[in-house]
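Q: Contents of start_12.cif (mmCIF, C-alpha atoms):
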```
data_target
#
loop_
_atom_site.group_PDB
_atom_site.id
_atom_site.type_symbol
_atom_site.label_atom_id
_atom_site.label_comp_id
_atom_site.auth_asym_id
_atom_site.auth_seq_id
_atom_site.Cartn_x
_atom_site.Cartn_y
_atom_site.Cartn_z
ATOM 1 C CA MET T 1 8.938 6.316 44.968
ATOM 2 C CA ARG T 2 7.038 3.060 45.247
ATOM 3 C CA PRO T 3 3.686 4.493 43.989
ATOM 4 C CA ILE T 4 5.391 5.963 40.909
ATOM 5 C CA GLN T 5 6.982 2.614 40.011
ATOM 6 C CA SER T 6 3.621 0.888 40.377
ATOM 7 C CA LEU T 7 1.992 3.497 38.172
ATOM 8 C CA ILE T 8 4.658 3.019 35.483
ATOM 9 C CA ARG T 9 4.324 -0.776 35.612
ATOM 10 C CA PHE T 10 0.577 -0.408 35.066
ATOM 11 C CA ALA T 11 0.613 2.459 32.563
ATOM 12 C CA VAL T 12 3.154 1.083 30.073
ATOM 13 C CA PRO T 13 1.311 -2.197 29.284
ATOM 14 C CA VAL T 14 -2.021 -0.369 29.105
ATOM 15 C CA ALA T 15 -0.559 2.207 26.708
ATOM 16 C CA LEU T 16 0.885 -0.536 24.489
ATOM 17 C CA VAL T 17 -2.456 -2.320 24.316
ATOM 18 C CA LEU T 18 -4.251 0.914 23.444
ATOM 19 C CA LEU T 19 -1.739 1.809 20.736
ATOM 20 C CA THR T 20 -1.966 -1.663 19.202
ATOM 21 C CA ALA T 21 -5.751 -1.482 19.215
ATOM 22 C CA CYS T 22 -5.628 1.730 17.153
ATOM 23 C CA ALA T 23 -4.126 0.093 14.057
ATOM 24 C CA PRO T 24 -6.763 -1.134 11.594
ATOM 25 C CA ALA T 25 -6.548 -4.719 10.378
ATOM 26 C CA PRO T 26 -5.129 -5.451 6.910
ATOM 27 C CA ILE T 27 -7.739 -5.060 4.171
ATOM 28 C CA TYR T 28 -6.669 -8.149 2.201
ATOM 29 C CA GLN T 29 -5.835 -11.575 3.551
ATOM 30 C CA PRO T 30 -2.625 -13.074 2.159
ATOM 31 C CA THR T 31 -2.898 -16.426 0.368
ATOM 32 C CA ALA T 32 -0.522 -19.372 0.377
ATOM 33 C CA ALA T 33 0.765 -18.170 -3.003
ATOM 34 C CA ASN T 34 1.664 -14.689 -1.675
ATOM 35 C CA VAL T 35 5.219 -13.531 -2.067
ATOM 36 C CA VAL T 36 6.718 -10.529 -0.289
ATOM 37 C CA VAL T 37 8.930 -8.890 -2.871
ATOM 38 C CA ALA T 38 9.398 -5.405 -4.320
ATOM 39 C CA PRO T 39 8.321 -4.599 -7.900
ATOM 40 C CA THR T 40 11.942 -3.748 -8.793
ATOM 41 C CA GLN T 41 13.000 -7.266 -7.831
ATOM 42 C CA VAL T 42 10.176 -8.841 -9.857
ATOM 43 C CA ALA T 43 11.123 -6.663 -12.852
ATOM 44 C CA GLN T 44 14.617 -8.200 -12.849
ATOM 45 C CA THR T 45 13.362 -11.815 -13.133
ATOM 46 C CA PRO T 46 9.600 -11.751 -13.818
ATOM 47 C CA GLU T 47 9.460 -15.406 -14.889
ATOM 48 C CA GLN T 48 10.553 -16.435 -11.385
ATOM 49 C CA TYR T 49 7.427 -14.832 -9.872
ATOM 50 C CA THR T 50 4.725 -15.450 -12.499
ATOM 51 C CA GLY T 51 1.630 -16.974 -10.902
ATOM 52 C CA ARG T 52 2.491 -15.759 -7.410
ATOM 53 C CA ASP T 53 0.118 -13.501 -5.477
ATOM 54 C CA VAL T 54 1.133 -10.069 -4.212
ATOM 55 C CA ILE T 55 -0.348 -7.247 -2.197
ATOM 56 C CA TRP T 56 1.239 -4.026 -3.410
ATOM 57 C CA GLY T 57 0.352 -0.394 -3.034
ATOM 58 C CA GLY T 58 1.511 3.076 -3.852
ATOM 59 C CA ARG T 59 0.501 6.187 -5.790
ATOM 60 C CA ILE T 60 -1.435 6.055 -9.034
ATOM 61 C CA VAL T 61 0.619 7.368 -11.950
ATOM 62 C CA GLN T 62 -1.959 6.939 -14.729
ATOM 63 C CA VAL T 63 -5.071 5.030 -15.766
ATOM 64 C CA ASN T 64 -5.550 3.583 -19.275
ATOM 65 C CA ASN T 65 -8.889 2.093 -20.355
ATOM 66 C CA PHE T 66 -9.102 -0.513 -23.108
ATOM 67 C CA ALA T 67 -12.057 -2.322 -24.688
ATOM 68 C CA ASP T 68 -12.259 -5.046 -22.014
ATOM 69 C CA HIS T 69 -9.937 -4.000 -19.173
ATOM 70 C CA THR T 70 -8.233 -1.110 -17.404
ATOM 71 C CA GLU T 71 -4.556 -0.722 -16.592
ATOM 72 C CA ILE T 72 -3.439 1.369 -13.635
ATOM 73 C CA GLN T 73 0.245 2.248 -13.463
ATOM 74 C CA VAL T 74 1.381 2.576 -9.847
ATOM 75 C CA LEU T 75 4.558 3.869 -8.213
ATOM 76 C CA ALA T 76 4.915 1.349 -5.389
ATOM 77 C CA TYR T 77 5.709 2.121 -1.752
ATOM 78 C CA VAL T 78 6.231 -0.110 1.271
ATOM 79 C CA LEU T 79 2.924 -0.959 2.996
ATOM 80 C CA ASP T 80 2.192 -0.568 6.690
ATOM 81 C CA SER T 81 0.583 -3.304 8.809
ATOM 82 C CA SER T 82 -2.854 -2.222 7.542
ATOM 83 C CA GLN T 83 -1.645 -2.405 3.902
ATOM 84 C CA ARG T 84 -1.677 1.375 3.484
ATOM 85 C CA PRO T 85 1.188 2.751 1.364
ATOM 86 C CA LYS T 86 3.833 4.577 3.411
ATOM 87 C CA LEU T 87 3.966 7.577 1.107
ATOM 88 C CA SER T 88 6.625 9.418 3.088
ATOM 89 C CA GLY T 89 9.337 6.965 2.008
ATOM 90 C CA ASN T 90 10.937 6.322 -1.354
ATOM 91 C CA GLY T 91 9.214 4.447 -4.154
ATOM 92 C CA ILE T 92 10.203 0.787 -4.612
ATOM 93 C CA GLY T 93 9.459 0.463 -8.310
ATOM 94 C CA ARG T 94 6.481 0.641 -10.618
ATOM 95 C CA PHE T 95 3.914 -1.924 -11.660
ATOM 96 C CA ILE T 96 0.800 -2.142 -13.790
ATOM 97 C CA ALA T 97 -2.408 -3.439 -12.213
ATOM 98 C CA THR T 98 -4.902 -4.855 -14.712
ATOM 99 C CA LEU T 99 -8.573 -4.699 -13.703
ATOM 100 C CA PRO T 100 -11.465 -6.200 -15.661
ATOM 101 C CA GLY T 101 -13.848 -3.799 -17.362
ATOM 102 C CA TYR T 102 -13.891 -0.026 -17.256
ATOM 103 C CA VAL T 103 -12.582 2.039 -14.353
ATOM 104 C CA GLU T 104 -13.527 5.704 -14.251
ATOM 105 C CA PRO T 105 -10.208 7.626 -14.257
ATOM 106 C CA ILE T 106 -11.686 10.493 -12.233
ATOM 107 C CA ASN T 107 -12.247 8.007 -9.381
ATOM 108 C CA TYR T 108 -8.578 6.937 -9.612
ATOM 109 C CA PRO T 109 -6.720 10.250 -10.089
ATOM 110 C CA ALA T 110 -2.966 10.523 -10.506
ATOM 111 C CA GLY T 111 -1.278 10.728 -7.120
ATOM 112 C CA ALA T 112 -4.053 8.917 -5.240
ATOM 113 C CA PRO T 113 -2.937 6.125 -2.894
ATOM 114 C CA ILE T 114 -4.026 2.604 -3.811
ATOM 115 C CA THR T 115 -3.517 -0.971 -2.600
ATOM 116 C CA VAL T 116 -3.934 -3.890 -5.003
ATOM 117 C CA ALA T 117 -4.168 -7.629 -4.369
ATOM 118 C CA GLY T 118 -3.659 -9.937 -7.316
ATOM 119 C CA ARG T 119 -1.531 -12.403 -9.249
ATOM 120 C CA LEU T 120 1.709 -11.647 -11.049
ATOM 121 C CA ASN T 121 1.287 -12.232 -14.755
ATOM 122 C CA GLY T 122 4.639 -11.523 -16.402
ATOM 123 C CA SER T 123 5.961 -8.113 -17.333
ATOM 124 C CA ARG T 124 5.917 -5.492 -20.057
ATOM 125 C CA SER T 125 8.662 -3.228 -21.333
ATOM 126 C CA GLY T 126 7.872 0.452 -21.489
ATOM 127 C CA LYS T 127 9.297 3.849 -20.662
ATOM 128 C CA VAL T 128 9.325 6.200 -17.710
ATOM 129 C CA GLY T 129 10.182 9.487 -19.356
ATOM 130 C CA ASP T 130 13.001 8.614 -21.744
ATOM 131 C CA ALA T 131 14.271 5.698 -19.638
ATOM 132 C CA ASP T 132 13.494 2.084 -20.531
ATOM 133 C CA TYR T 133 11.537 0.312 -17.810
ATOM 134 C CA VAL T 134 10.176 -3.178 -17.094
ATOM 135 C CA PHE T 135 6.740 -3.132 -15.454
ATOM 136 C CA PRO T 136 5.583 -6.220 -13.530
ATOM 137 C CA LEU T 137 1.943 -6.974 -14.453
ATOM 138 C CA VAL T 138 -0.541 -7.735 -11.688
ATOM 139 C CA THR T 139 -3.939 -9.192 -12.606
ATOM 140 C CA ALA T 140 -5.857 -7.507 -9.808
ATOM 141 C CA THR T 141 -8.544 -9.387 -7.916
ATOM 142 C CA GLN T 142 -9.103 -6.415 -5.593
ATOM 143 C CA ALA T 143 -8.139 -2.747 -5.569
ATOM 144 C CA HIS T 144 -8.743 -0.111 -2.924
ATOM 145 C CA ARG T 145 -8.166 3.616 -3.429
ATOM 146 C CA TRP T 146 -7.467 5.193 -0.063
ATOM 147 C CA THR T 147 -9.102 8.397 1.096
ATOM 148 C CA ALA T 148 -7.213 10.935 3.227
ATOM 149 C CA GLU T 149 -9.380 9.955 6.207
ATOM 150 C CA GLU T 150 -8.558 6.257 5.785
ATOM 151 C CA LEU T 151 -4.839 6.994 5.603
ATOM 152 C CA GLN T 152 -5.082 8.892 8.903
ATOM 153 C CA SER T 153 -7.338 6.409 10.715
ATOM 154 C CA GLY T 154 -5.580 4.345 13.291
ATOM 155 C CA LYS T 155 -2.699 6.766 13.587
ATOM 156 C CA VAL T 156 -2.232 7.965 17.104
ATOM 157 C CA ASN T 157 -2.950 11.661 17.646
ATOM 158 C CA PHE T 158 -1.540 11.676 21.145
ATOM 159 C CA GLY T 159 1.208 13.735 22.609
ATOM 160 C CA VAL T 160 2.700 14.449 26.001
ATOM 161 C CA GLY T 161 4.021 17.841 26.905
ATOM 162 C CA VAL T 162 3.588 20.991 28.857
ATOM 163 C CA GLY T 163 1.417 23.770 27.516
ATOM 164 C CA VAL T 164 -1.538 24.103 25.206
ATOM 165 C CA GLY T 165 -1.810 22.576 21.756
ATOM 166 C CA VAL T 166 -4.280 21.660 19.058
ATOM 167 C CA ILE T 167 -4.209 18.372 17.150
ATOM 168 C CA ARG T 168 -6.024 18.274 13.839
#
```
Go through the file and emit its structure as C-alpha cells.
A:
Amino acid sequence: MRPIQSLIRFAVPVALVLLTACAPAPIYQPTAANVVVAPTQVAQTPEQYTGRDVIWGGRIVQVNNFADHTEIQVLAYVLDSSQRPKLSGNGIGRFIATLPGYVEPINYPAGAPITVAGRLNGSRSGKVGDADYVFPLVTATQAHRWTAEELQSGKVNFGVGVGVGVIR
C-alpha cells in the first residue's frame, strides 16, 4: 500500500499544476476603476456606476452602424478566468457597447461570443421585444470576438476510464 500512497501524493499536485497551466490568461487587464457588477444591476442605478470600467462579455444580439460609431447590443454572460463568456449559463442582462468608427456586421454576427473592456457611460431606454428595457452603455476601448477554437482552448480534454474512446 505504501507505493500507492506515494504515487497519489505525487500525482495529485502534478495534475493540479498541469490543469492550472491549461487555462489561458485573461485577455484584458483590469484597471483601478474596474467594477465587478452585472449589467442588470447597473441598469437599476446607472448613475452610480458612470465612469467606472468594466469587462463584460456575452453573445452579440445585433450590430448598428452610425456615421461615426458602431453600437453592438450584447446579451451578457458570466466570464471565466480567461474572460470568455460562459455561454452554457443564463444571461445576466443586456448592454450596448459603443465602438468608434465602422464595424463590419458580418465580422460580428448575431450569436457570436464577445468580450468588451470599456467605461460605463450612462444608459439608454429601449425595448427587447415588447418589453421596456434599460441598456447600460459601455464606451469600448477593446473588443474581442471569440472563435470556436479560442473558446475551447485551455479546456481540458482528459478523461479517465476503462475502454476505448475518442475526444474531439
Q: Anything within 12 Å of (10.7, 3.4, -6.1): list those residues as a PyMOL selection string, counting only C-alpha atoms and sticking to the file's coordinates.
A: chain T and resi 38-41+57-59+74-78+86-95
Q: If we count only C-alpha atoms and set the cut-off at 7 Å, which residues sit around segment 102-117 of chain T, ignoring sequence neighbours fewer than 3 positions away in its own chain? Please answer as a PyMOL selection string.
A: chain T and resi 54-63+65+69-70+83-85+140-146
Q: So what do you get for atom CA of Arg124 of chain T versus atom CA of Val35 of chain T, distance-wise?
A: 19.7 Å
Q: What separation in Å, quoted to one decimal, exists between atom CA of Ser125 of chain T and atom CA of Leu137 of chain T?
A: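 Atom-to-atom, atom CA of Ser125 of chain T and atom CA of Leu137 of chain T are spaced 10.3 Å apart.
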Q: If I take atom CA of Thr50 of chain T and atom CA of Lys127 of chain T, how far is one from the other in Å, to one decimal?
A: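 Rounded to one decimal, the two atoms are 21.4 Å apart.
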Q: Point out the residue among T:Ala67, T:Val42, T:Ile27, T:Leu151 with the least atom-to-atom distance to Val138 of chain T, counting only C-alpha atoms.
A: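 Of T:Ala67, T:Val42, T:Ile27, T:Leu151, the one nearest Val138 of chain T is T:Val42, counting only C-alpha atoms.
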Q: Which residue is closest to Glu47 of chain T? Choose from T:Ser153, T:Gly122, T:Val134, T:Ala148 and count all atoms listed in the file.
A: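 Under the stated criterion, the closest residue is T:Gly122.
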Q: For Glu71 of chain T, work out the shell of residues within 8 Å, counting all atoms listed in the file and skipping chain neighbours fewer than 3 positions away, then give it as a ChimeraX atom specification.
A: /T:63-66,96-99
Q: Using all atoms listed in the file, pick whichever of T:Pro26, T:Pro136, T:Pro100, T:Gly126 has the shortest atom-to-atom distance to Pro46 of chain T.
A: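 Nearest to Pro46 of chain T: T:Pro136.
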